[in-house]
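Enquirer: Quick one, work_15.pdb (PDB, C-alpha atoms and all ligand atoms):
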```pdb
ATOM      1  CA  MET A 119      24.715-103.477  39.435
ATOM      2  CA  GLU A 120      21.579-103.628  37.277
ATOM      3  CA  ASP A 121      19.848-105.703  39.965
ATOM      4  CA  ILE A 122      20.950-103.313  42.712
ATOM      5  CA  LEU A 123      19.601-100.278  40.826
ATOM      6  CA  LYS A 124      16.315-102.049  40.006
ATOM      7  CA  SER A 125      15.843-102.973  43.641
ATOM      8  CA  ILE A 126      16.656 -99.407  44.835
ATOM      9  CA  THR A 127      14.166 -97.974  42.316
ATOM     10  CA  ALA A 128      11.432-100.380  43.401
ATOM     11  CA  SER A 129      12.042 -99.514  47.045
ATOM     12  CA  ILE A 130      11.917 -95.759  46.313
ATOM     13  CA  PHE A 131       8.538 -96.112  44.568
ATOM     14  CA  GLN A 132       7.148 -97.968  47.592
ATOM     15  CA  GLN A 133       7.607 -94.942  49.829
ATOM     16  CA  ASP A 134       4.895 -92.340  50.475
ATOM     17  CA  ASP A 135       7.035 -89.395  51.530
ATOM     18  CA  TRP A 136       8.752 -87.784  48.528
ATOM     19  CA  GLY A 137       9.623 -84.468  50.201
ATOM     20  CA  GLU A 138       8.666 -81.076  48.789
ATOM     21  CA  THR A 139       9.986 -79.400  45.624
ATOM     22  CA  ALA A 140      11.897 -76.095  45.944
ATOM     23  CA  GLN A 141       9.157 -73.544  46.604
ATOM     24  CA  TYR A 142      11.238 -70.373  46.164
ATOM     25  CA  ILE A 143      11.839 -70.963  42.436
ATOM     26  CA  PRO A 144       8.347 -71.105  40.846
ATOM     27  CA  GLU A 145       9.500 -73.153  37.811
ATOM     28  CA  LEU A 146      10.864 -75.841  40.163
ATOM     29  CA  ALA A 147       7.934 -75.688  42.615
ATOM     30  CA  SER A 148       5.555 -77.042  39.952
ATOM     31  CA  VAL A 149       7.613 -80.178  39.144
ATOM     32  CA  ASP A 150       5.973 -83.510  40.178
ATOM     33  CA  PRO A 151       8.023 -84.740  43.182
ATOM     34  CA  LYS A 152       7.197 -88.431  42.530
ATOM     35  CA  GLN A 153       9.973 -89.005  40.002
ATOM     36  CA  PHE A 154      13.221 -90.922  40.287
ATOM     37  CA  ALA A 155      16.302 -91.772  38.243
ATOM     38  CA  ILE A 156      19.705 -93.258  38.994
ATOM     39  CA  SER A 157      22.778 -93.770  36.785
ATOM     40  CA  VAL A 158      26.103 -95.334  37.673
ATOM     41  CA  CYS A 159      29.243 -94.950  35.579
ATOM     42  CA  LEU A 160      31.635 -97.845  36.259
ATOM     43  CA  PRO A 161      35.465 -97.950  35.877
ATOM     44  CA  ASP A 162      35.231 -99.303  32.315
ATOM     45  CA  GLY A 163      33.037 -96.313  31.346
ATOM     46  CA  LYS A 164      29.890 -98.464  31.228
ATOM     47  CA  LEU A 165      26.686 -96.747  32.307
ATOM     48  CA  ILE A 166      23.971 -98.580  34.213
ATOM     49  CA  ASN A 167      20.619 -96.802  34.566
ATOM     50  CA  ALA A 168      17.274 -97.221  36.258
ATOM     51  CA  GLY A 169      14.180 -94.997  36.330
ATOM     52  CA  ALA A 170      13.867 -91.802  34.254
ATOM     53  CA  ALA A 171      17.588 -91.606  33.436
ATOM     54  CA  SER A 172      17.026 -89.815  30.102
ATOM     55  CA  LYS A 173      14.823 -87.048  31.512
ATOM     56  CA  PRO A 174      16.579 -83.649  31.808
ATOM     57  CA  PHE A 175      16.232 -81.895  35.171
ATOM     58  CA  SER A 176      17.531 -78.630  36.616
ATOM     59  CA  VAL A 177      20.992 -79.384  38.040
ATOM     60  CA  GLN A 178      21.160 -76.128  40.056
ATOM     61  CA  SER A 179      23.866 -76.239  42.761
ATOM     62  CA  ILE A 180      25.543 -79.297  41.242
ATOM     63  CA  THR A 181      26.916 -76.837  38.641
ATOM     64  CA  LYS A 182      28.949 -75.304  41.499
ATOM     65  CA  VAL A 183      31.292 -78.313  41.228
ATOM     66  CA  PHE A 184      31.930 -77.573  37.554
ATOM     67  CA  SER A 185      32.252 -73.791  37.992
ATOM     68  CA  LEU A 186      34.757 -74.494  40.793
ATOM     69  CA  ILE A 187      36.820 -76.722  38.481
ATOM     70  CA  ALA A 188      36.686 -74.029  35.768
ATOM     71  CA  ALA A 189      37.577 -71.203  38.203
ATOM     72  CA  LEU A 190      40.503 -73.174  39.675
ATOM     73  CA  GLY A 191      41.684 -73.779  36.120
ATOM     74  CA  ARG A 192      41.482 -70.042  35.425
ATOM     75  CA  THR A 193      42.821 -68.495  38.640
ATOM     76  CA  GLY A 194      44.599 -71.411  40.362
ATOM     77  CA  ASP A 195      44.936 -71.343  44.135
ATOM     78  CA  GLN A 196      44.369 -67.559  44.207
ATOM     79  CA  LEU A 197      40.669 -68.382  44.405
ATOM     80  CA  TRP A 198      41.170 -69.453  48.033
ATOM     81  CA  SER A 199      42.012 -65.883  49.053
ATOM     82  CA  ARG A 200      38.371 -65.049  48.241
ATOM     83  CA  VAL A 201      36.540 -68.169  49.450
ATOM     84  CA  GLY A 202      37.215 -70.637  52.277
ATOM     85  CA  ARG A 203      37.277 -74.413  52.519
ATOM     86  CA  GLU A 204      35.353 -75.059  55.723
ATOM     87  CA  PRO A 205      31.856 -76.449  56.205
ATOM     88  CA  SER A 206      29.404 -73.714  57.127
ATOM     89  CA  GLY A 207      26.872 -75.557  59.272
ATOM     90  CA  THR A 208      24.334 -73.127  57.818
ATOM     91  CA  SER A 209      21.770 -73.355  55.007
ATOM     92  CA  PHE A 210      22.906 -72.881  51.400
ATOM     93  CA  ASP A 211      21.553 -69.327  51.192
ATOM     94  CA  SER A 212      22.489 -68.113  54.678
ATOM     95  CA  VAL A 213      23.769 -64.561  55.200
ATOM     96  CA  VAL A 214      24.827 -64.974  58.839
ATOM     97  CA  LEU A 215      28.457 -66.082  58.453
ATOM     98  CA  LEU A 216      29.087 -63.684  55.600
ATOM     99  CA  GLU A 217      28.552 -60.734  57.938
ATOM    100  CA  LYS A 218      30.611 -62.265  60.750
ATOM    101  CA  GLU A 219      33.466 -63.222  58.431
ATOM    102  CA  LYS A 220      33.625 -59.953  56.506
ATOM    103  CA  GLY A 221      32.457 -61.097  53.106
ATOM    104  CA  ARG A 222      34.664 -64.193  52.663
ATOM    105  CA  PRO A 223      32.257 -67.124  52.159
ATOM    106  CA  ARG A 224      33.023 -70.315  54.066
ATOM    107  CA  ASN A 225      33.227 -72.565  50.983
ATOM    108  CA  PRO A 226      32.548 -72.603  47.218
ATOM    109  CA  PHE A 227      29.300 -74.583  47.557
ATOM    110  CA  VAL A 228      27.192 -72.256  49.715
ATOM    111  CA  ASN A 229      25.493 -69.709  47.438
ATOM    112  CA  ALA A 230      27.776 -66.828  48.505
ATOM    113  CA  GLY A 231      30.873 -68.926  47.717
ATOM    114  CA  ALA A 232      29.493 -70.024  44.365
ATOM    115  CA  ILE A 233      28.656 -66.416  43.471
ATOM    116  CA  VAL A 234      32.331 -65.522  44.150
ATOM    117  CA  THR A 235      33.498 -68.483  42.028
ATOM    118  CA  THR A 236      31.265 -67.430  39.140
ATOM    119  CA  ASP A 237      32.491 -63.844  39.573
ATOM    120  CA  ALA A 238      36.092 -65.109  39.181
ATOM    121  CA  LEU A 239      35.061 -66.779  35.917
ATOM    122  CA  LEU A 240      33.348 -63.612  34.695
ATOM    123  CA  SER A 241      36.104 -61.046  35.236
ATOM    124  CA  GLY A 242      37.498 -59.588  32.014
ATOM    125  CA  ARG A 243      34.767 -60.931  29.742
ATOM    126  CA  GLU A 244      31.061 -60.958  28.914
ATOM    127  CA  PRO A 245      28.624 -63.170  30.893
ATOM    128  CA  LYS A 246      27.975 -65.159  27.708
ATOM    129  CA  MET A 247      31.653 -66.145  27.534
ATOM    130  CA  ALA A 248      31.811 -67.241  31.190
ATOM    131  CA  LEU A 249      28.605 -69.259  30.759
ATOM    132  CA  THR A 250      29.944 -70.849  27.593
ATOM    133  CA  GLU A 251      33.056 -71.946  29.494
ATOM    134  CA  ILE A 252      30.970 -73.635  32.213
ATOM    135  CA  LEU A 253      28.583 -75.242  29.705
ATOM    136  CA  GLU A 254      31.390 -76.445  27.422
ATOM    137  CA  LEU A 255      33.270 -77.932  30.391
ATOM    138  CA  ILE A 256      30.133 -79.806  31.458
ATOM    139  CA  LYS A 257      29.538 -81.052  27.894
ATOM    140  CA  TYR A 258      33.158 -82.176  27.601
ATOM    141  CA  MET A 259      33.144 -83.948  30.960
ATOM    142  CA  SER A 260      29.827 -85.669  30.242
ATOM    143  CA  GLN A 261      30.886 -86.427  26.656
ATOM    144  CA  SER A 262      27.535 -85.127  25.450
ATOM    145  CA  ASP A 263      26.564 -82.104  23.343
ATOM    146  CA  ASP A 264      22.904 -82.340  24.219
ATOM    147  CA  ILE A 265      22.959 -80.078  27.310
ATOM    148  CA  TYR A 266      21.140 -76.737  27.505
ATOM    149  CA  ILE A 267      20.214 -73.861  29.781
ATOM    150  CA  ASN A 268      16.490 -73.608  30.589
ATOM    151  CA  GLU A 269      15.778 -69.894  30.141
ATOM    152  CA  ASP A 270      12.419 -70.133  31.941
ATOM    153  CA  VAL A 271      14.133 -71.481  35.070
ATOM    154  CA  ALA A 272      16.813 -68.766  34.898
ATOM    155  CA  THR A 273      14.131 -66.052  34.546
ATOM    156  CA  SER A 274      12.054 -67.597  37.310
ATOM    157  CA  GLU A 275      15.000 -67.443  39.711
ATOM    158  CA  GLN A 276      16.070 -63.993  38.555
ATOM    159  CA  GLU A 277      12.587 -62.699  39.433
ATOM    160  CA  THR A 278      12.485 -64.292  42.878
ATOM    161  CA  GLY A 279      16.176 -64.369  43.822
ATOM    162  CA  ALA A 280      16.131 -61.568  46.404
ATOM    163  CA  ARG A 281      18.310 -63.549  48.801
ATOM    164  CA  ASN A 282      21.042 -64.211  46.257
ATOM    165  CA  LYS A 283      20.915 -60.533  45.330
ATOM    166  CA  ALA A 284      21.407 -59.634  48.986
ATOM    167  CA  LEU A 285      24.408 -61.999  49.153
ATOM    168  CA  ALA A 286      25.968 -60.522  45.992
ATOM    169  CA  TYR A 287      25.567 -56.914  47.156
ATOM    170  CA  TYR A 288      26.943 -57.852  50.552
ATOM    171  CA  LEU A 289      29.997 -59.447  48.884
ATOM    172  CA  LYS A 290      30.391 -56.277  46.820
ATOM    173  CA  SER A 291      30.317 -54.103  49.947
ATOM    174  CA  HIS A 292      33.280 -56.121  51.267
ATOM    175  CA  GLY A 293      35.202 -55.798  48.011
ATOM    176  CA  ASN A 294      34.797 -59.514  47.239
ATOM    177  CA  LEU A 295      32.934 -59.119  43.942
ATOM    178  CA  GLU A 296      34.916 -57.905  40.936
ATOM    179  CA  ASN A 297      31.954 -57.382  38.612
ATOM    180  CA  GLU A 298      28.616 -55.590  38.849
ATOM    181  CA  PRO A 299      26.373 -57.717  41.117
ATOM    182  CA  GLU A 300      23.619 -57.949  38.498
ATOM    183  CA  LEU A 301      26.072 -59.298  35.900
ATOM    184  CA  THR A 302      27.532 -61.918  38.236
ATOM    185  CA  LEU A 303      24.031 -62.877  39.409
ATOM    186  CA  GLY A 304      22.719 -63.182  35.844
ATOM    187  CA  THR A 305      25.605 -65.530  35.037
ATOM    188  CA  TYR A 306      25.046 -67.511  38.249
ATOM    189  CA  PHE A 307      21.267 -67.877  37.685
ATOM    190  CA  HIS A 308      21.835 -69.120  34.125
ATOM    191  CA  GLN A 309      24.534 -71.540  35.281
ATOM    192  CA  CYS A 310      22.115 -72.979  37.866
ATOM    193  CA  ALA A 311      19.445 -73.384  35.148
ATOM    194  CA  ILE A 312      21.513 -75.905  33.156
ATOM    195  CA  GLU A 313      19.565 -79.136  32.617
ATOM    196  CA  MET A 314      21.054 -82.613  32.452
ATOM    197  CA  THR A 315      19.905 -86.203  32.644
ATOM    198  CA  THR A 316      21.291 -88.571  35.282
ATOM    199  CA  ASP A 317      23.192 -90.527  32.624
ATOM    200  CA  GLN A 318      24.919 -87.307  31.472
ATOM    201  CA  LEU A 319      25.667 -86.275  35.060
ATOM    202  CA  ALA A 320      27.118 -89.675  36.010
ATOM    203  CA  MET A 321      29.444 -89.437  32.997
ATOM    204  CA  ALA A 322      30.389 -85.869  33.990
ATOM    205  CA  GLY A 323      31.570 -87.149  37.377
ATOM    206  CA  ALA A 324      33.902 -89.764  35.873
ATOM    207  CA  SER A 325      36.926 -87.417  35.882
ATOM    208  CA  LEU A 326      36.378 -86.634  39.582
ATOM    209  CA  ALA A 327      36.121 -90.346  40.320
ATOM    210  CA  GLY A 328      39.400 -90.865  38.410
ATOM    211  CA  LEU A 329      37.840 -93.473  36.116
ATOM    212  CA  LYS A 330      39.890 -94.735  33.161
ATOM    213  CA  GLY A 331      39.104 -93.020  29.873
ATOM    214  CA  ALA A 332      37.438 -90.014  31.548
ATOM    215  CA  PRO A 333      38.389 -86.608  30.075
ATOM    216  CA  ALA A 334      41.585 -85.270  31.703
ATOM    217  CA  VAL A 335      40.248 -81.917  32.918
ATOM    218  CA  LEU A 336      41.881 -81.799  36.346
ATOM    219  CA  SER A 337      44.915 -83.254  38.098
ATOM    220  CA  LEU A 338      44.593 -86.111  40.581
ATOM    221  CA  GLN A 339      45.434 -83.724  43.425
ATOM    222  CA  ARG A 340      42.751 -81.250  42.346
ATOM    223  CA  ALA A 341      40.166 -84.017  41.971
ATOM    224  CA  ARG A 342      40.968 -85.184  45.506
ATOM    225  CA  ARG A 343      40.520 -81.675  46.815
ATOM    226  CA  VAL A 344      37.212 -81.085  45.039
ATOM    227  CA  ASN A 345      36.006 -84.453  46.368
ATOM    228  CA  ALA A 346      37.089 -83.426  49.891
ATOM    229  CA  LEU A 347      35.020 -80.256  49.589
ATOM    230  CA  MET A 348      32.043 -82.254  48.304
ATOM    231  CA  MET A 349      32.328 -84.547  51.318
ATOM    232  CA  THR A 350      32.596 -81.735  53.887
ATOM    233  CA  CYS A 351      30.439 -79.010  52.293
ATOM    234  CA  GLY A 352      28.447 -80.537  49.393
ATOM    235  CA  HIS A 353      25.196 -80.865  51.364
ATOM    236  CA  TYR A 354      25.434 -77.630  53.397
ATOM    237  CA  ASP A 355      24.141 -78.139  56.953
ATOM    238  CA  GLY A 356      23.219 -81.690  55.924
ATOM    239  CA  SER A 357      26.830 -82.578  54.957
ATOM    240  CA  GLY A 358      27.638 -84.401  58.195
ATOM    241  CA  ASP A 359      24.450 -86.425  57.938
ATOM    242  CA  PHE A 360      25.165 -87.331  54.295
ATOM    243  CA  ALA A 361      28.713 -88.437  55.199
ATOM    244  CA  PHE A 362      27.282 -90.453  58.091
ATOM    245  CA  ARG A 363      24.698 -92.197  55.908
ATOM    246  CA  VAL A 364      26.531 -92.543  52.585
ATOM    247  CA  GLY A 365      30.246 -92.036  53.332
ATOM    248  CA  LEU A 366      31.015 -90.614  49.888
ATOM    249  CA  PRO A 367      31.625 -87.119  48.461
ATOM    250  CA  GLY A 368      28.370 -85.729  47.108
ATOM    251  CA  LYS A 369      26.864 -82.535  45.731
ATOM    252  CA  SER A 370      23.181 -81.757  45.780
ATOM    253  CA  GLY A 371      20.997 -79.289  43.907
ATOM    254  CA  VAL A 372      17.547 -77.889  44.693
ATOM    255  CA  GLY A 373      16.301 -79.445  41.451
ATOM    256  CA  GLY A 374      16.600 -82.743  43.364
ATOM    257  CA  GLY A 375      19.804 -83.924  41.700
ATOM    258  CA  LEU A 376      22.717 -85.596  43.428
ATOM    259  CA  LEU A 377      26.225 -86.306  42.147
ATOM    260  CA  VAL A 378      28.075 -88.880  44.239
ATOM    261  CA  ILE A 379      31.707 -89.844  43.708
ATOM    262  CA  ALA A 380      33.198 -93.188  44.757
ATOM    263  CA  PRO A 381      36.898 -92.454  44.167
ATOM    264  CA  ASN A 382      38.474 -94.879  41.656
ATOM    265  CA  VAL A 383      35.292 -96.928  41.605
ATOM    266  CA  ALA A 384      32.258 -95.100  40.206
ATOM    267  CA  SER A 385      30.432 -91.872  39.508
ATOM    268  CA  VAL A 386      26.753 -91.845  40.443
ATOM    269  CA  ALA A 387      23.942 -89.443  39.556
ATOM    270  CA  ILE A 388      20.545 -89.586  41.216
ATOM    271  CA  TRP A 389      17.438 -87.444  40.706
ATOM    272  CA  SER A 390      14.211 -87.086  42.624
ATOM    273  CA  PRO A 391      12.807 -83.537  42.852
ATOM    274  CA  GLY A 392      11.279 -83.619  46.360
ATOM    275  CA  LEU A 393      13.636 -82.161  48.975
ATOM    276  CA  ASN A 394      14.378 -82.765  52.645
ATOM    277  CA  ARG A 395      14.662 -79.976  55.222
ATOM    278  CA  TYR A 396      18.233 -79.149  54.140
ATOM    279  CA  GLY A 397      17.172 -78.585  50.515
ATOM    280  CA  ASN A 398      18.715 -81.883  49.380
ATOM    281  CA  SER A 399      16.825 -84.614  47.496
ATOM    282  CA  HIS A 400      14.771 -86.684  49.950
ATOM    283  CA  ALA A 401      14.445 -89.895  47.928
ATOM    284  CA  GLY A 402      17.858 -89.245  46.345
ATOM    285  CA  THR A 403      19.563 -89.361  49.739
ATOM    286  CA  ARG A 404      17.722 -92.586  50.570
ATOM    287  CA  ALA A 405      18.812 -94.104  47.259
ATOM    288  CA  ALA A 406      22.447 -93.034  47.801
ATOM    289  CA  THR A 407      22.331 -94.656  51.249
ATOM    290  CA  MET A 408      20.943 -97.902  49.825
ATOM    291  CA  LEU A 409      23.571 -97.930  47.059
ATOM    292  CA  SER A 410      26.410 -97.303  49.504
ATOM    293  CA  ASN A 411      25.156-100.080  51.786
ATOM    294  CA  ALA A 412      24.752-102.530  48.902
ATOM    295  CA  THR A 413      28.157-101.828  47.334
ATOM    296  CA  LYS A 414      30.203-100.993  50.472
ATOM    297  CA  TRP A 415      31.646 -98.043  48.546
ATOM    298  CA  SER A 416      31.873 -95.797  51.628
ATOM    299  CA  VAL A 417      35.394 -94.386  51.920
ATOM    300  CA  PHE A 418      35.292 -95.023  55.677
TER     301      PHE A 418
HETATM  302  O1  LIG B 501      20.972 -70.058  44.180
HETATM  303  C1  LIG B 501      20.052 -70.816  44.425
HETATM  304  O2  LIG B 501      19.336 -70.686  45.408
HETATM  305  C2  LIG B 501      19.798 -71.963  43.459
HETATM  306  N1  LIG B 501      19.998 -71.544  42.113
HETATM  307  C3  LIG B 501      20.705 -73.105  43.749
HETATM  308  C4  LIG B 501      20.641 -73.554  45.178
HETATM  309  C5  LIG B 501      20.825 -75.021  45.331
HETATM  310  O3  LIG B 501      20.720 -75.783  44.395
HETATM  311  C6  LIG B 501      21.031 -75.503  46.709
HETATM  312  N2  LIG B 501      21.174 -76.931  46.749
HETATM  313  N3  LIG B 501      20.598 -77.779  47.315
END
```
Please express what this file holds, its structure, as C-alpha cells.
Ligand code: DON
Expert:
Amino acid sequence: MEDILKSITASIFQQDDWGETAQYIPELASVDPKQFAISVCLPDGKLINAGAASKPFSVQSITKVFSLIAALGRTGDQLWSRVGREPSGTSFDSVVLLEKEKGRPRNPFVNAGAIVTTDALLSGREPKMALTEILELIKYMSQSDDIYINEDVATSEQETGARNKALAYYLKSHGNLENEPELTLGTYFHQCAIEMTTDQLAMAGASLAGLKGAPAVLSLQRARRVNALMMTCGHYDGSGDFAFRVGLPGKSGVGGGLLVIAPNVASVAIWSPGLNRYGNSHAGTRAATMLSNATKWSVF
C-alpha cells in the first residue's frame, strides 16, 4: 500500500492541470491548488499516508455525511419525510428541483438537503449545541481531539452565501425548515468550515467501512444506507462519473477533500484543492481512480 500511494502521489505531481479552487468562497479561492494528500485506513486500523497528510483543510460538504449520521441518530427514519434519497443530476447548489418538488430536496448531500439535515439537528436547541454534536461525532469517529472550525472560512461563506440563503428561505416557504433560516444557515456554514487532515478523515470513515475496532456509531444497515447515498449522490451531477471511474461510495467537498469507502476493506481520504467542473477535487478524483484500479476495490 505504501508503494501504491507513493506512485499515485508521484503521478499526481507530474500533471499540469490541477483544476481551480472554489471561487465563490473567498477564503477557499486563495488556497494554492497544487497540493495533494492521501491516507488509507486498513482493516487492522493501520494508517498509510502520502503527501501532505497532516495538513488541515476545509472539509466542507464531506461534513454532510457526519451531520446525516447525527440527524438519523436523533430523528430516525422520520428524516426521510423531509428529504429524499434520489440522485439529483443537478449541481450541489441548484434551486431548480426544489421549486419543482415543492421544497423537499432530492437527497441529503445537495446543499438544500444538507440544510434540512442540519435544521433537524438544530431544532429545540442553540446552534452551538447542534454544532458541538457534529464536531464531537467527527472527533469520536476520527479518534482525534485536534479538529476545529475555521471561523474565517465560516465568515467568508456567510458573507457570500446568497445562494444557500435563497435555498433556506425557499425551504422555509414550503414549511420544510423548522428554525429561522439565518440560524440554520449559521450552523450549516460553521459545520462546513470544519478542518481536518486526510489522516483524521480516513480514520473517521472507518465506521462506515465497517472496519474492526472502529467506533460503533451506526448500525451495519445504516452504514450500508449512508454508503449507498454516497455512491448515488455523493458527487452531485458527477456521481455517475465517479461510480464509473472509481466504483466506490464517495463524498466530495469544495475544499478539495474526498472521503471514499471500500466496504469491509478500507477508508480513504484524499485532498487536492483544485476542482473539476462538478465542484469535486480534480486531482483527488484521478487519485481515487488510480487507487481503485491498483487495488481492485471497486464494488462492481
Ligand atoms: O454550501 C456550500 O456551498 C459549501 N459550504 C459546501 C459545498 C460543497 O462542499 C460542495 N461539494 N463539492
Enquirer: Put the listed atoms of segment 278-287 of chain A in a box along x, y and z with 3 Å added on every side and give me the centre and edge lengths in Å to one decimal, as JSON.
Expert:
```
{"center_x": 19.2, "center_y": -60.6, "center_z": 46.0, "size_x": 19.5, "size_y": 13.5, "size_z": 12.3}
```
Enquirer: Please give me, as a PyMOL selection string, the residues lying within 7 Å of ligand LIG 501 (chain B) when counting all atoms listed in the file.
Expert: chain A and resi 178-180+210-211+229+275+282+307+310+353+370-373+397-398
Enquirer: What separation in Å, quoted to one decimal, exists between atom CA of Ile256 of chain A and atom CA of Asp195 of chain A?
Expert: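 Between these atoms lies a distance of 21.2 Å.
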Enquirer: Set the distance at 7 Å and use all atoms listed in the file: which residues neighbour segment 335-347 of chain A once local chain neighbours fewer than 5 positions away are removed? I'd like the list as a PDB file with C-alpha atoms, in the frame of the given file.
Expert:
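Below is the file part-v3.pdb, written as the result:
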```pdb
ATOM      1  CA  ARG A 203      37.277 -74.413  52.519  1.00  0.00           C
ATOM      2  CA  LEU A 326      36.378 -86.634  39.582  1.00  0.00           C
ATOM      3  CA  GLY A 352      28.447 -80.537  49.393  1.00  0.00           C
ATOM      4  CA  PRO A 367      31.625 -87.119  48.461  1.00  0.00           C
TER       5      PRO A 367
END
```
Enquirer: Could you spell out the hits of the PyMOL selection byres (((chain A and resi 391) around 7) and not hetatm) on the shown file, as a list in words?
Expert: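 What the PyMOL selection byres (((chain A and resi 391) around 7) and not hetatm) grabs from the file is Thr139, Pro151, Gln153, Gly373, Gly374, Trp389, Ser390, Gly392, Leu393 and Ser399 of chain A.
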Enquirer: Can you list what the PyMOL selection byres (((chain A and resi 165) around 12) and not hetatm) grabs from this structure, as an MDAnalysis selection string?
Expert: chainID A and resid 119:120 123 156:164 166:168 171 260 316:324 384:387
Enquirer: Please, what distance in Å, to one decimal, runs between atom CA of Ser274 of chain A and atom CA of Gln141 of chain A?
Expert: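 Here the two named atoms are 11.4 Å from each other.
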Enquirer: Name the residues captured by the PyMOL selection byres (((chain A and resi 237) around 9) and not hetatm) when it is applied to the shown file; answer as a PyMOL selection string.
Expert: chain A and resi 232-236+238-241+295-297+299+301-303+305-306
Enquirer: When you draw a straight line from atom CA of Asp135 of chain A to atom CA of Arg404 of chain A, how long is it in Å?
Expert: 11.2 Å
Enquirer: So, counting all atoms listed in the file, which residue among A:Ala412, A:Arg281, A:Asn268, A:Lys369 is closest to Glu145 of chain A?
Expert: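 So, comparing all the options, the nearest one is A:Asn268.
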Enquirer: Taking only C-alpha atoms into account, which of A:Ala334, A:Ile267, A:Ala311, A:Val417 comes nearest Ala361 of chain A?
Expert: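 Answer, going by the shortest atom-to-atom distance: A:Val417.
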Enquirer: When you count all atoms listed in the file, which of these residues is closest to Lys220 of chain A: A:Ser199, A:Asn411, A:Ser262, A:Asn294?
Expert: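 Among the listed residues, A:Asn294 lies closest to Lys220 of chain A.
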Enquirer: Using only C-alpha atoms, which residue out of A:Ala284, A:Asp270, A:Ser291, A:Pro381 lies closest to Lys330 of chain A?
Expert: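 Selected residue with least distance to Lys330 of chain A: A:Pro381.
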Enquirer: For Leu366 of chain A, which of A:Trp198, A:Tyr354, A:Thr403, A:Asn394 is the closest residue, counting only C-alpha atoms?
Expert: A:Thr403
Enquirer: Would you please work out which residue, of A:Ala155, A:Met259, A:Leu146, A:Leu190, is nearest to Phe131 of chain A when using all atoms listed in the file?
Expert: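 With all atoms listed in the file as the atom set, the closest residue is A:Ala155.
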Enquirer: Tell me, as a count of residues only, which residues lie within 8 Å of Val213 of chain A, counting all atoms listed in the file; anything in the same chain fewer than 3 positions away does not count.
Expert: 3
